[in-house]
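Q: Here you go, work.csv (CSV, C-alpha atoms):
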chain,number,residue,atom,x,y,z
A,1,MET,CA,47.6,-23.0,56.8
A,2,SER,CA,48.2,-25.7,59.5
A,3,PHE,CA,50.3,-25.6,62.6
A,4,ARG,CA,52.5,-28.3,61.1
A,5,ASP,CA,53.3,-26.2,58.1
A,6,ASN,CA,54.0,-23.2,60.2
A,7,LEU,CA,56.3,-25.1,62.5
A,8,GLN,CA,58.2,-26.8,59.7
A,9,TYR,CA,58.7,-23.4,57.9
A,10,LEU,CA,59.8,-21.6,61.1
A,11,ARG,CA,62.3,-24.3,62.0
A,12,ALA,CA,63.7,-24.3,58.5
A,13,THR,CA,64.0,-20.5,58.2
A,14,HIS,CA,65.8,-20.4,61.6
A,15,ALA,CA,68.1,-23.2,60.6
A,16,MET,CA,67.2,-25.4,63.5
A,17,THR,CA,67.3,-29.2,63.7
A,18,GLN,CA,64.5,-31.1,65.4
A,19,GLU,CA,66.9,-31.9,68.3
A,20,GLN,CA,67.8,-28.3,68.8
A,21,LEU,CA,64.2,-27.1,68.9
A,22,ALA,CA,63.3,-30.0,71.2
A,23,MET,CA,66.0,-28.9,73.7
A,24,MET,CA,64.8,-25.3,73.6
A,25,VAL,CA,61.2,-26.3,74.3
A,26,GLY,CA,62.0,-29.0,76.8
A,27,VAL,CA,60.7,-32.0,75.0
A,28,SER,CA,62.1,-35.1,73.2
A,29,ARG,CA,63.1,-35.0,69.6
A,30,GLN,CA,60.3,-37.6,68.9
A,31,SER,CA,57.8,-35.1,70.2
A,32,VAL,CA,58.8,-32.5,67.6
A,33,THR,CA,58.7,-35.2,64.9
A,34,LYS,CA,55.1,-36.1,65.9
A,35,TRP,CA,54.1,-32.4,65.9
A,36,GLU,CA,55.4,-32.0,62.4
A,37,ALA,CA,53.7,-35.2,61.3
A,38,GLU,CA,50.4,-34.1,62.9
A,39,ARG,CA,50.4,-37.2,65.1
A,40,ALA,CA,50.4,-35.2,68.3
A,41,TYR,CA,49.8,-31.6,69.4
A,42,PRO,CA,51.9,-29.6,71.9
A,43,GLU,CA,50.4,-28.5,75.2
A,44,MET,CA,49.6,-24.8,75.8
A,45,ASP,CA,52.8,-24.0,77.7
A,46,LYS,CA,54.9,-25.6,74.8
A,47,LEU,CA,52.9,-23.5,72.3
A,48,LEU,CA,53.7,-20.4,74.2
A,49,LYS,CA,57.4,-21.4,74.3
A,50,LEU,CA,57.4,-21.8,70.6
A,51,CYS,CA,55.8,-18.4,70.2
A,52,GLN,CA,58.6,-16.9,72.3
A,53,ILE,CA,61.3,-18.7,70.3
A,54,PHE,CA,59.9,-17.6,66.9
A,55,ASP,CA,58.6,-14.2,67.9
A,56,CYS,CA,55.0,-14.7,66.8
A,57,THR,CA,51.6,-14.8,68.4
A,58,LEU,CA,49.7,-17.9,69.3
A,59,ASP,CA,47.0,-17.2,66.7
A,60,GLU,CA,49.6,-16.8,64.0
A,61,LEU,CA,51.3,-20.0,65.0
A,62,VAL,CA,48.2,-22.1,65.2
A,63,THR,CA,45.8,-20.8,62.6
A,64,GLY,CA,47.8,-18.2,60.6
A,65,ASP,CA,50.1,-18.4,57.6
A,66,LEU,CA,53.7,-17.7,58.7
A,67,THR,CA,55.2,-19.2,55.5
A,68,ARG,CA,54.9,-15.9,53.7
A,69,ALA,CA,56.4,-13.8,56.5
A,70,GLU,CA,60.1,-13.2,56.8
A,71,PRO,CA,61.6,-13.8,60.3
A,72,SER,CA,62.4,-10.6,62.2
A,73,ALA,CA,66.0,-9.7,63.0
A,74,ALA,CA,65.4,-10.1,66.7
A,75,ALA,CA,63.9,-13.5,66.2
A,76,GLN,CA,66.9,-14.6,64.0
A,77,ALA,CA,69.4,-13.3,66.6
A,78,ALA,CA,67.6,-15.0,69.5
A,79,ALA,CA,67.4,-18.2,67.5
A,80,ALA,CA,71.1,-18.0,66.6
A,81,ALA,CA,72.0,-17.7,70.3
A,82,MET,CA,69.8,-20.6,71.1
A,83,ARG,CA,71.3,-22.7,68.3
A,84,GLU,CA,74.8,-21.9,69.6
A,85,ASN,CA,73.8,-23.1,73.1
A,86,ALA,CA,72.0,-26.1,71.7
A,87,GLY,CA,75.0,-27.0,69.5
A,88,GLY,CA,77.6,-26.6,72.2
A,89,PRO,CA,77.9,-28.4,75.6
A,90,PRO,CA,74.4,-29.3,77.0
A,91,LEU,CA,73.1,-26.6,79.3
A,92,ASP,CA,70.5,-26.7,82.1
A,93,VAL,CA,68.0,-24.5,80.3
A,94,CYS,CA,65.0,-25.3,82.5
A,95,GLY,CA,66.4,-25.1,86.0
A,96,TYR,CA,66.4,-28.8,86.5
A,97,ASP,CA,69.4,-28.9,88.9
A,98,GLU,CA,68.1,-26.1,91.1
A,99,HIS,CA,64.7,-27.7,91.2
A,100,MET,CA,66.0,-31.1,92.2
A,101,ARG,CA,68.3,-29.6,94.9
A,102,ALA,CA,65.2,-27.8,96.4
A,103,PHE,CA,63.2,-31.0,96.1
A,104,ALA,CA,65.8,-33.0,97.9
A,105,THR,CA,66.1,-30.5,100.7
A,106,LYS,CA,62.3,-30.3,101.2
A,107,ILE,CA,61.7,-34.0,101.2
A,108,ALA,CA,64.6,-34.7,103.5
A,109,ALA,CA,63.5,-31.9,105.9
A,110,GLY,CA,60.0,-33.2,105.9
A,111,VAL,CA,61.0,-36.7,107.0
A,112,PHE,CA,63.5,-35.2,109.5
A,113,SER,CA,60.7,-33.1,111.0
A,114,ILE,CA,58.4,-36.1,111.6
A,115,LEU,CA,61.2,-38.1,113.2
A,116,LEU,CA,62.3,-35.1,115.3
A,117,GLY,CA,58.8,-34.9,116.5
A,118,VAL,CA,59.0,-38.4,117.8
A,119,SER,CA,62.3,-37.6,119.5
A,120,LEU,CA,60.8,-34.5,121.2
A,121,LEU,CA,57.8,-36.6,122.2
A,122,ILE,CA,60.2,-39.0,124.1
A,123,PHE,CA,62.1,-36.1,125.7
A,124,VAL,CA,59.1,-34.2,126.8
A,125,GLY,CA,57.3,-37.3,128.0
A,126,THR,CA,60.3,-38.5,130.0
A,127,ALA,CA,60.8,-35.1,131.6
A,128,ALA,CA,57.1,-34.7,132.4
A,129,GLU,CA,57.0,-38.2,134.0
A,130,ARG,CA,60.0,-37.3,136.2
A,131,PHE,CA,59.2,-33.7,137.2
A,132,ASN,CA,55.5,-33.0,136.7
A,133,PRO,CA,53.2,-35.9,135.7
A,134,ASN,CA,50.3,-33.4,135.2
A,135,LEU,CA,52.0,-32.2,132.0
A,136,GLU,CA,52.1,-35.6,130.3
A,137,ALA,CA,49.0,-34.6,128.3
A,138,LEU,CA,51.2,-32.0,126.5
A,139,THR,CA,53.8,-34.5,125.3
A,140,LEU,CA,51.9,-35.2,122.1
A,141,ILE,CA,52.2,-31.5,121.0
A,142,PRO,CA,55.8,-31.9,119.6
A,143,LEU,CA,54.8,-35.0,117.7
A,144,PHE,CA,51.8,-33.3,116.1
A,145,VAL,CA,53.8,-30.2,115.2
A,146,GLY,CA,56.6,-32.4,113.7
A,147,ILE,CA,54.1,-34.4,111.7
A,148,GLY,CA,52.3,-31.3,110.5
A,149,VAL,CA,55.5,-29.5,109.4
A,150,GLY,CA,56.9,-32.7,107.8
A,151,THR,CA,53.7,-33.4,105.9
A,152,ALA,CA,53.4,-29.9,104.7
A,153,LEU,CA,57.0,-30.0,103.4
A,154,VAL,CA,56.6,-33.3,101.7
A,155,LEU,CA,53.3,-32.5,100.0
A,156,THR,CA,54.6,-29.1,98.9
A,157,ALA,CA,57.7,-30.6,97.4
A,158,SER,CA,55.7,-33.4,95.7
A,159,PHE,CA,53.2,-30.9,94.1
A,160,GLN,CA,56.1,-28.7,92.9
A,161,HIS,CA,57.9,-31.7,91.4
A,162,ALA,CA,54.8,-33.0,89.7
A,163,GLU,CA,54.3,-29.5,88.2
A,164,PHE,CA,57.9,-29.4,87.1
A,165,GLN,CA,57.6,-32.8,85.4
A,166,ARG,CA,54.4,-31.6,83.6
A,167,SER,CA,56.1,-28.5,82.4
A,168,HIS,CA,59.4,-30.2,81.5
A,169,PRO,CA,58.7,-33.8,80.4
A,170,TYR,CA,62.1,-34.1,78.7
A,171,VAL,CA,65.4,-32.7,80.0
A,172,GLN,CA,68.6,-33.0,78.1
A,173,ASP,CA,71.4,-34.7,80.1
A,174,PHE,CA,73.9,-32.0,80.9
A,175,TYR,CA,75.8,-33.7,83.7
A,176,THR,CA,79.4,-34.8,83.0
A,177,ALA,CA,81.1,-38.0,84.2
A,178,ASP,CA,83.0,-35.9,86.8
A,179,ASP,CA,79.6,-34.6,88.1
A,180,ARG,CA,78.4,-38.1,88.6
A,181,ARG,CA,81.5,-39.3,90.3
A,182,ALA,CA,81.5,-36.4,92.7
A,183,THR,CA,77.8,-37.0,93.5
A,184,GLN,CA,78.5,-40.7,94.0
A,185,ARG,CA,81.3,-39.9,96.5
A,186,SER,CA,79.1,-37.5,98.4
A,187,PHE,CA,76.3,-40.1,98.5
A,188,VAL,CA,78.7,-42.8,100.0
A,189,ILE,CA,80.0,-40.3,102.6
A,190,ASN,CA,76.5,-39.3,103.7
A,191,LEU,CA,75.3,-42.9,103.7
A,192,VAL,CA,78.2,-44.1,105.9
A,193,ALA,CA,77.7,-41.1,108.2
A,194,GLY,CA,74.0,-41.9,108.5
A,195,ILE,CA,74.5,-45.5,109.2
A,196,PHE,CA,77.2,-44.6,111.8
A,197,LEU,CA,74.8,-42.2,113.6
A,198,ILE,CA,72.0,-44.9,113.7
A,199,PHE,CA,74.5,-47.4,115.1
A,200,VAL,CA,75.7,-44.9,117.8
A,201,GLY,CA,72.2,-44.1,118.8
A,202,ILE,CA,71.1,-47.7,119.1
A,203,VAL,CA,74.3,-48.7,121.0
A,204,GLY,CA,74.0,-45.7,123.3
A,205,ALA,CA,70.4,-46.5,124.1
A,206,SER,CA,71.1,-50.2,124.8
A,207,LEU,CA,73.9,-49.3,127.2
A,208,THR,CA,71.5,-47.4,129.4
A,209,ASP,CA,69.2,-50.4,130.0
A,210,GLY,CA,68.8,-50.9,133.8
A,211,SER,CA,69.8,-47.3,134.6
A,212,GLY,CA,66.3,-46.2,135.4
A,213,ASP,CA,63.3,-45.0,133.3
A,214,PHE,CA,64.5,-41.3,133.2
A,215,VAL,CA,68.0,-42.2,131.9
A,216,GLU,CA,66.6,-44.7,129.4
A,217,GLY,CA,64.0,-42.2,128.2
A,218,ILE,CA,66.6,-39.5,127.6
A,219,ALA,CA,68.9,-42.0,125.8
A,220,SER,CA,66.0,-43.1,123.6
A,221,GLY,CA,65.2,-39.5,122.8
A,222,PHE,CA,68.9,-38.9,121.7
A,223,MET,CA,68.8,-42.2,119.7
A,224,MET,CA,65.7,-40.9,117.8
A,225,ALA,CA,67.3,-37.5,117.2
A,226,LEU,CA,70.4,-39.2,115.8
A,227,ILE,CA,68.2,-41.4,113.6
A,228,ALA,CA,66.4,-38.2,112.3
A,229,ILE,CA,69.7,-36.7,111.4
A,230,ALA,CA,70.9,-39.9,109.7
A,231,VAL,CA,67.7,-40.2,107.7
A,232,TRP,CA,68.0,-36.5,106.6
A,233,LEU,CA,71.6,-37.2,105.3
A,234,ILE,CA,70.6,-40.4,103.5
A,235,VAL,CA,67.4,-39.2,101.9
A,236,HIS,CA,69.0,-35.9,100.8
A,237,ALA,CA,72.1,-37.5,99.4
A,238,SER,CA,70.0,-40.2,97.6
A,239,ILE,CA,67.8,-37.7,95.8
A,240,LEU,CA,70.8,-35.7,94.8
A,241,LEU,CA,72.4,-38.9,93.4
A,242,SER,CA,69.2,-39.8,91.5
A,243,ARG,CA,69.1,-36.3,89.9
A,244,VAL,CA,72.3,-36.8,87.9
A,245,TYR,CA,70.8,-39.8,86.1
A,246,VAL,CA,68.6,-37.7,83.8
A,247,ALA,CA,67.6,-40.7,81.7
A,248,ASN,CA,65.5,-42.0,84.6
A,249,TYR,CA,63.7,-38.7,84.8
A,250,ASN,CA,62.9,-38.8,81.1
A,251,GLU,CA,61.2,-42.2,81.4
A,252,ALA,CA,58.1,-40.5,82.9
A,253,ARG,CA,55.8,-42.2,80.4
A,254,GLU,CA,57.0,-45.7,81.4
A,255,GLN,CA,56.9,-44.7,85.1
A,256,ALA,CA,53.3,-43.7,84.8
A,257,MET,CA,52.5,-47.0,83.2
A,258,ALA,CA,54.4,-48.8,86.1
A,259,GLU,CA,52.0,-47.2,88.6
A,260,SER,CA,48.9,-48.0,86.6
A,261,ASP,CA,46.4,-50.8,87.4
A,262,THR,CA,47.7,-52.8,84.5
A,263,TRP,CA,51.2,-52.8,85.9
A,264,LYS,CA,49.9,-53.8,89.3
A,265,TYR,CA,48.6,-56.9,87.6
A,266,LEU,CA,51.7,-57.5,85.6
A,267,ARG,CA,53.8,-57.4,88.8
A,268,GLU,CA,52.1,-60.6,89.8
A,269,SER,CA,53.1,-62.4,86.6
A,270,ASP,CA,56.5,-63.8,85.7
A,271,ALA,CA,58.7,-62.6,82.9
A,272,ALA,CA,57.3,-65.0,80.3
A,273,GLN,CA,53.8,-63.8,81.0
A,274,LEU,CA,55.0,-60.2,80.8
A,275,ARG,CA,56.5,-60.9,77.3
A,276,GLY,CA,53.2,-62.4,76.2
A,277,LEU,CA,50.8,-59.7,77.6
A,278,TYR,CA,52.3,-56.8,75.7
A,279,THR,CA,52.1,-56.8,72.0
A,280,ASP,CA,54.4,-54.7,69.8
A,281,GLU,CA,51.5,-52.3,69.2
A,282,GLN,CA,51.0,-51.8,72.9
A,283,ILE,CA,54.7,-51.2,73.4
A,284,CYS,CA,54.6,-48.5,70.6
A,285,GLU,CA,51.7,-46.9,72.4
A,286,LEU,CA,53.6,-46.8,75.7
A,287,LEU,CA,56.6,-45.3,74.0
A,288,GLY,CA,54.5,-42.7,72.2
A,289,ILE,CA,56.1,-43.7,68.9
A,290,PRO,CA,53.6,-45.3,66.6
A,291,ASN,CA,56.3,-46.4,64.1
A,292,ALA,CA,59.0,-47.6,66.6
A,293,SER,CA,61.7,-49.8,65.2
A,294,ASP,CA,62.2,-53.4,66.3
A,295,ALA,CA,65.3,-52.4,68.3
A,296,GLU,CA,63.3,-49.7,70.2
A,297,ILE,CA,60.5,-52.2,71.0
A,298,ALA,CA,63.0,-54.8,72.2
A,299,ARG,CA,64.7,-52.2,74.5
A,300,ALA,CA,61.4,-51.1,75.9
A,301,ARG,CA,60.3,-54.7,76.6
A,302,ALA,CA,63.6,-55.4,78.3
A,303,ARG,CA,63.1,-52.3,80.5
A,304,LEU,CA,59.7,-53.6,81.5
A,305,GLU,CA,61.1,-56.9,82.4
A,306,ARG,CA,63.9,-55.2,84.3
A,307,ARG,CA,61.5,-53.2,86.3
A,308,HIS,CA,59.5,-56.3,87.1
A,309,ARG,CA,62.7,-57.9,88.6
A,310,LYS,CA,63.5,-54.7,90.4
A,311,SER,CA,60.1,-54.7,92.0
A,312,GLN,CA,60.5,-58.3,93.1
A,313,LEU,CA,64.0,-57.6,94.5
A,314,THR,CA,62.8,-54.6,96.5
A,315,SER,CA,59.8,-56.5,97.9
A,316,GLY,CA,62.0,-59.4,98.9
A,317,LEU,CA,64.6,-57.2,100.7
A,318,CYS,CA,61.9,-55.3,102.6
A,319,GLY,CA,60.2,-58.5,103.5
A,320,ILE,CA,63.4,-59.9,105.0
A,321,ILE,CA,64.1,-56.7,106.8
A,322,MET,CA,60.7,-56.4,108.4
A,323,ILE,CA,60.7,-60.1,109.5
A,324,ILE,CA,64.0,-59.5,111.3
A,325,ALA,CA,62.6,-56.3,112.8
A,326,THR,CA,59.6,-58.2,114.0
A,327,MET,CA,61.8,-60.9,115.6
A,328,VAL,CA,63.9,-58.2,117.4
A,329,GLY,CA,60.7,-56.3,118.5
A,330,VAL,CA,59.1,-59.4,120.0
A,331,ALA,CA,62.4,-60.3,121.7
A,332,LEU,CA,62.7,-56.8,123.2
A,333,LEU,CA,59.1,-57.1,124.4
A,334,LEU,CA,59.0,-60.6,125.8
A,335,VAL,CA,62.6,-61.6,126.8
A,336,PRO,CA,63.1,-60.3,130.4
A,337,GLN,CA,66.8,-59.4,130.1
A,338,TRP,CA,66.2,-57.5,126.9
A,339,HIS,CA,62.9,-55.9,127.8
A,340,THR,CA,62.5,-52.2,127.1
A,341,ALA,CA,59.6,-49.8,126.8
A,342,TYR,CA,60.9,-48.8,123.4
A,343,PHE,CA,60.6,-52.2,121.7
A,344,TRP,CA,58.6,-50.6,119.0
A,345,MET,CA,61.7,-48.8,117.7
A,346,ALA,CA,62.6,-52.1,116.0
A,347,TRP,CA,59.8,-51.5,113.4
A,348,VAL,CA,60.9,-47.8,113.0
A,349,VAL,CA,64.4,-48.9,112.2
A,350,GLY,CA,63.1,-51.6,110.0
A,351,GLY,CA,61.0,-49.2,108.0
A,352,LEU,CA,64.0,-46.9,107.6
A,353,LEU,CA,66.2,-49.7,106.3
A,354,CYS,CA,63.4,-50.7,103.9
A,355,GLY,CA,63.6,-47.1,102.5
A,356,VAL,CA,67.4,-47.4,102.2
A,357,ALA,CA,67.1,-50.7,100.4
A,358,SER,CA,64.5,-49.3,98.0
A,359,ILE,CA,66.8,-46.3,97.2
A,360,PHE,CA,69.7,-48.7,96.6
A,361,VAL,CA,67.8,-50.8,94.2
A,362,SER,CA,66.3,-47.8,92.4
A,363,THR,CA,69.7,-46.1,92.1
A,364,PHE,CA,72.1,-49.0,91.3
A,365,VAL,CA,69.9,-51.5,89.4
A,366,LYS,CA,69.3,-49.8,86.1
A,367,ASP,CA,66.0,-50.1,84.2
A,368,ASP,CA,67.9,-50.3,80.9
A,369,PRO,CA,70.2,-53.3,80.9
A,370,THR,CA,72.2,-51.8,78.0
A,371,ALA,CA,72.9,-48.5,79.9
Give the structure from the file, written as structure tokens.

A:
Amino acid sequence: MSFRDNLQYLRATHAMTQEQLAMMVGVSRQSVTKWEAERAYPEMDKLLKLCQIFDCTLDELVTGDLTRAEPSAAAQAAAAAMRENAGGPPLDVCGYDEHMRAFATKIAAGVFSILLGVSLLIFVGTAAERFNPNLEALTLIPLFVGIGVGTALVLTASFQHAEFQRSHPYVQDFYTADDRRATQRSFVINLVAGIFLIFVGIVGASLTDGSGDFVEGIASGFMMALIAIAVWLIVHASILLSRVYVANYNEAREQAMAESDTWKYLRESDAAQLRGLYTDEQICELLGIPNASDAEIARARARLERRHRKSQLTSGLCGIIMIIATMVGVALLLVPQWHTAYFWMAWVVGGLLCGVASIFVSTFVKDDPTA
């Protein structure tokens, strides 16, 4: 007896639809369809989840013959409860919201730690230069500590997120319109607060020009600390905003393609070339649906073209920002009345603004033009 026959029988005897089973396992309905058509095979963690749902062993599910066995009362009761949850309002059955909140906190804290290290470098360096020049060699310690802590947080969060994506390639959208509106309001508040803090820090530092190296150094340290706080607010709020758009998360297959060598080549082509380089068969392969309809192929092709335009828009905005940052940095270095030892901050602020621009494009310019 094949795995396909066992799965079809178990799903039928437990009165489950493909969509309900897909939600319980954490995959798309198309994945269940492919399993039952023997066009694909589930990963080990999904097999174990199926064994848990149907109260059977792995050997029984894969190589045994479950079509002659009656489902146990416990399995039927558990399946009934799962069906009730699956048939009612969508639920966060895989801990997606908790994971994304933790991911947002760790990423934001990692970036904050690196920028705070720069701030402490300025504070300690300024104090050492004023009170004990022999300690200037120690000024790099806060920077290295900040970079170390920040890198550890970012890498840990990235690995955990990659593992979560591998374990849960598909998440049913359980957020309501009210959830999205509340998250959007929170994002706007944090964005405005972050921009305000950056503005206050820059204005405060500029007002101390000519007040002496010590005062200028302390002001620059406070400016960098305010920028660190602002970046934490913006990054944290941005990731929390992106989490409520579950459809973007579910497009992992297309995102993997977008990061491939093929897509790097396609980004250099225009939309007409993009339409010509991908055949319908290749689109079906990218979707993971061998018999995709013409409408599905058209939507996928439109998303590819949309991502191409998003990439161009992001690159253009970042190019403009960094050109302006370079002009400001050179002016702060060469123009006598504007000269400051912290002219390099122009590129730091430029990089942060590039990150904000990228987040804006990613969040508000949708991949699916029909969405």

Q: Would you write out, as a tab-separated table, a table of all residues in stretch 146-211 of chain A that have an atom no more than 10 Å from an atom of stretch 234-239 of chain A, listing for each the closest atom pair and the distance in Å to one decimal, considering only C-alpha atoms and ordering rows by chain and rising residue number?

A:
residue	atom	partner	partner_atom	distance
A:Thr183	CA	A:Ala237	CA	8.2
A:Gln184	CA	A:Ala237	CA	9.0
A:Arg185	CA	A:Ala237	CA	9.9
A:Ser186	CA	A:Ala237	CA	7.1
A:Phe187	CA	A:Ala237	CA	5.0
A:Val188	CA	A:Ala237	CA	8.5
A:Ile189	CA	A:Ala237	CA	9.0
A:Asn190	CA	A:Ile234	CA	6.0
A:Leu191	CA	A:Ile234	CA	5.3
A:Val192	CA	A:Ile234	CA	8.8
A:Ala193	CA	A:Ile234	CA	8.5
A:Gly194	CA	A:Ile234	CA	6.2
A:Ile195	CA	A:Ile234	CA	8.6

Q: Between atom CA of A:Asn132 and atom CA of A:Gly146, what is the distance in Å, rounded to a tenth?

A: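 Taking atom CA of A:Asn132 as the start and atom CA of A:Gly146 as the end point, the length is 23.0 Å.
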
Q: Skipping near chain neighbours, those fewer than 4 positions away, what residues fall within 7 Å of A:Lys106 using all atoms listed in the file, listed as an MDAnalysis selection string?

A: chainID A and resid 102 110 153:154 157

Q: Of the candidates A:Leu116, A:Tyr41, A:Gly95, A:Asn6, which shows the shortest atom-to-atom distance to A:Arg68, using only C-alpha atoms?

A: A:Asn6

Q: Go ahead and compute the interatomic distance for atom CA of A:Lys46 and atom CA of A:Ala15, in Å to one decimal.

A: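 Result for atom CA of A:Lys46 versus atom CA of A:Ala15: 19.5 Å, one decimal.
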
Q: Which is closer to A:Tyr9 than all the others in A:Cys94, A:Val200, A:Leu47, A:Leu66, using all atoms listed in the file?

A: A:Leu66

Q: With all atoms listed in the file as the basis for distance, which of A:Val246, A:Ala37, A:Val32, A:Val124 is at the shortest distance from A:Met16?

A: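 Answer, going by the shortest atom-to-atom distance: A:Val32.
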
Q: List the spatial neighbours of stretch 127-130 of chain A as number ranges by chain - criterion: any atom at most 12 Å away, all atoms listed in the file, same-chain residues fewer than 4 positions off excluded.

A: A: 120-123, 134-140, 212-218, 221

Q: So, with only C-alpha atoms as the atoms that count, which of A:Ser311, A:Ser119, A:Ala247, A:Val25 lies closest to A:Ala219?

A: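 With only C-alpha atoms as the atom set, the closest residue is A:Ser119.
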
Q: Could you work out how far atom CA of A:Ala177 lies from atom CA of A:Ala162, giving the answer in Å with one decimal?

A: 27.3 Å

Q: From the list A:Phe54, A:Trp35, A:Phe174, A:Trp232, which residue is nearest A:Ile198 when using only C-alpha atoms?

A: A:Trp232

Q: So that I can check the surroundings of A:Val171, please list as a PyMOL selection string every protein, DNA and RNA residue that reaches within 10 Å of it, counting only C-alpha atoms and ignoring chain neighbours fewer than 3 positions away.

A: chain A and resi 22-28+91-96+165+168+174+246-247+249-250

Q: Let me see the file: selected residues, C-alpha atoms, as a PDB file, keeping the file's coordinate frame.

A:
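Below you can see selection18.pdb, which holds the result:
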ATOM      1  CA  ALA A  22      63.300 -30.000  71.200  1.00  0.00           C
ATOM      2  CA  MET A  23      66.000 -28.900  73.700  1.00  0.00           C
ATOM      3  CA  MET A  24      64.800 -25.300  73.600  1.00  0.00           C
ATOM      4  CA  VAL A  25      61.200 -26.300  74.300  1.00  0.00           C
ATOM      5  CA  GLY A  26      62.000 -29.000  76.800  1.00  0.00           C
ATOM      6  CA  VAL A  27      60.700 -32.000  75.000  1.00  0.00           C
ATOM      7  CA  SER A  28      62.100 -35.100  73.200  1.00  0.00           C
ATOM      8  CA  LEU A  91      73.100 -26.600  79.300  1.00  0.00           C
ATOM      9  CA  ASP A  92      70.500 -26.700  82.100  1.00  0.00           C
ATOM     10  CA  VAL A  93      68.000 -24.500  80.300  1.00  0.00           C
ATOM     11  CA  CYS A  94      65.000 -25.300  82.500  1.00  0.00           C
ATOM     12  CA  GLY A  95      66.400 -25.100  86.000  1.00  0.00           C
ATOM     13  CA  TYR A  96      66.400 -28.800  86.500  1.00  0.00           C
ATOM     14  CA  GLN A 165      57.600 -32.800  85.400  1.00  0.00           C
ATOM     15  CA  HIS A 168      59.400 -30.200  81.500  1.00  0.00           C
ATOM     16  CA  PHE A 174      73.900 -32.000  80.900  1.00  0.00           C
ATOM     17  CA  VAL A 246      68.600 -37.700  83.800  1.00  0.00           C
ATOM     18  CA  ALA A 247      67.600 -40.700  81.700  1.00  0.00           C
ATOM     19  CA  TYR A 249      63.700 -38.700  84.800  1.00  0.00           C
ATOM     20  CA  ASN A 250      62.900 -38.800  81.100  1.00  0.00           C
TER      21      ASN A 250
END

Q: When you look at stretch 202-207 of chain A with a cut-off of 12 Å (counting all atoms listed in the file), what residues show up, excluding the ones that are within fewer than 6 positions of it in the same chain? I need them as a compact mmCIF listing (two decimals) with C-alpha atoms, in the coordinates of the input.

A:
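Output (selection19.txt):
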# COMPACT_ATOMS: atom_id res chain seq x y z
CA ILE A 195 74.50 -45.50 109.20
CA PHE A 196 77.20 -44.60 111.80
CA ASP A 213 63.30 -45.00 133.30
CA VAL A 215 68.00 -42.20 131.90
CA GLU A 216 66.60 -44.70 129.40
CA GLY A 217 64.00 -42.20 128.20
CA ILE A 218 66.60 -39.50 127.60
CA ALA A 219 68.90 -42.00 125.80
CA SER A 220 66.00 -43.10 123.60
CA GLY A 221 65.20 -39.50 122.80
CA PHE A 222 68.90 -38.90 121.70
CA MET A 223 68.80 -42.20 119.70
CA MET A 224 65.70 -40.90 117.80
CA ALA A 225 67.30 -37.50 117.20
CA LEU A 226 70.40 -39.20 115.80
CA ILE A 227 68.20 -41.40 113.60
CA LEU A 332 62.70 -56.80 123.20
CA GLN A 337 66.80 -59.40 130.10
CA TRP A 338 66.20 -57.50 126.90
CA HIS A 339 62.90 -55.90 127.80
CA THR A 340 62.50 -52.20 127.10
CA ALA A 341 59.60 -49.80 126.80
CA TYR A 342 60.90 -48.80 123.40
CA PHE A 343 60.60 -52.20 121.70
CA MET A 345 61.70 -48.80 117.70
CA ALA A 346 62.60 -52.10 116.00
CA VAL A 348 60.90 -47.80 113.00
CA VAL A 349 64.40 -48.90 112.20

Q: Check the smallest atom-to-atom distance from each of A:Gln172, A:Ala325, A:Glu19, A:Val335 to A:Trp347 using all atoms listed in the file, then report the winner.

A: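 Checking each of A:Gln172, A:Ala325, A:Glu19, A:Val335 against A:Trp347, counting all atoms listed in the file, the winner is A:Ala325.
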
Q: Tell me, as a ChimeraX atom specification, which residues lie within 10 Å of A:Ala357, counting all atoms listed in the file; anything in the same chain fewer than 3 positions away does not count.

A: /A:313-315,317-318,321,351-354,360-363

Q: Could you pull out every residue with an atom within 6 Å of (65.0, -39.3, 106.9), file coordinates, counting all atoms listed in the file, and send them as a list of chain:residue names?

A: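 Every residue inside that radius is included here: A:Ala108, A:Val111, A:Phe112, A:Ala228, A:Val231, A:Trp232, A:Val235.
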